[in-house]
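Here the structure is laid out as structure tokens; the discussion comes afterwards.
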Amino acid sequence: MVGQALPHQRPARAVSPVLDAPARSPSPSGPWTSAATRRLPYMETVIEENPALGWRAIRLGLDRPGLLRGQIRALLRAGGGRALRIMFPMISEVAEFDAAKKHCRARTDLSASARPCAPERIDVGTMVEVPALLYQLDELLKKVDFVSVGSNDLFQFLFAVDRGNAKVSERFDTMSAPIMRVLREIVQKANAANKSASLCGEMAAKPLGALALIALGYRSLSMSATGHGPVKAMILDLDAKKAEAMMLPLLDAPSGSVSIREKLTEFAEAEGLSL
């Protein structure tokens, strides 16, 4: 995304070190998606009144299939001999995932026939960040291998709040009952379908947010490097079962009748957890 021309072979070289890094499970990789406000010099410039809800991510990829296939090809090349997870962003309908996966399957078949070193396993999943997808989870979970909640976008779309607008960005609590109930429903349905559910976003990078997510049932969190130390320290001292038992009654209380954030903070203090 920092180059002046459309990348071709470079994405594979950029992804390979990530896939080679030691980890207990494969890290999801996906076709790139530039920020809503970023202009790429080698792409058509489209002026939009609300770029966060506009032509980006999988919408751009499906409209420019050559670009999407090129990115998938790079991931397959980088994933040779490894377990690879491909994740599509900004999916709004199951039909979009079907279309994206069709491109992925076509490139996978071509790669397997043309290259001796194909990925040893390929899982295909999607981000859950568009509220419309919440009402298609049952259908979606029959088709994906995994889901990952994109909490930053999901929260702002649910509350109709621009995260970059200081006048409203702090207006709603990301640990309020509506958000917690949505997150619980996603992980519960994923578990029932025997599919893994993770979360990627700012919430996971803070010990209190990670505590809330673990209490809801999440066991895979993605965060910036700066959050690893504090979150890990909290998790090492956490009794997850006790946290779950504390959280569930709070979700059933009338919305606004209790502060989940305050209760989580009190729980952390009583358990001696570092926040």
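Residues in the structure tokens are named by chain (A, B, ... in the order shown) and by number from 1 within that chain; ligands are numbered from 1 in the order shown.
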Practice task
May I have all residues of segment 221-267 of chain A that DSSP, computed from the backbone, assigns to helix (DSSP H, G or I), given as a ChimeraX atom specification?
Solution key: /A:225-236,240-252,260-267
Practice task
Quick one: everything within 9 Å of Leu273 of chain A, counting only C-alpha atoms, minus sequence neighbours fewer than 6 positions away in the same chain. Send it as a PyMOL selection string.
Solution key: chain A and resi 207+233-235+237-238+267
Those same residues - N, CA and C atoms - I'd like them written as a short mmCIF file (atom, residue, chain, number, x, y, z; two decimals), in the first residue's frame.
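Output file selection_21.cif is given in full below:
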```cif
data_model
loop_
_atom_site.label_atom_id
_atom_site.label_comp_id
_atom_site.auth_asym_id
_atom_site.auth_seq_id
_atom_site.Cartn_x
_atom_site.Cartn_y
_atom_site.Cartn_z
N PRO A 207 -6.23 -4.77 28.95
CA PRO A 207 -6.52 -5.86 29.88
C PRO A 207 -7.99 -5.98 30.27
N ALA A 233 -0.11 -10.60 31.04
CA ALA A 233 0.04 -10.60 32.49
C ALA A 233 -1.31 -10.80 33.18
N MET A 234 -2.35 -10.17 32.65
CA MET A 234 -3.69 -10.33 33.22
C MET A 234 -4.18 -11.77 33.04
N ILE A 235 -4.00 -12.31 31.83
CA ILE A 235 -4.51 -13.65 31.52
C ILE A 235 -3.85 -14.72 32.39
N ASP A 237 -3.01 -14.63 35.38
CA ASP A 237 -3.58 -14.65 36.73
C ASP A 237 -5.09 -14.86 36.73
N LEU A 238 -5.68 -15.04 35.56
CA LEU A 238 -7.14 -15.08 35.46
C LEU A 238 -7.71 -16.50 35.57
N PHE A 267 -14.30 -6.92 39.79
CA PHE A 267 -13.89 -8.33 39.75
C PHE A 267 -12.37 -8.42 39.63
#
```
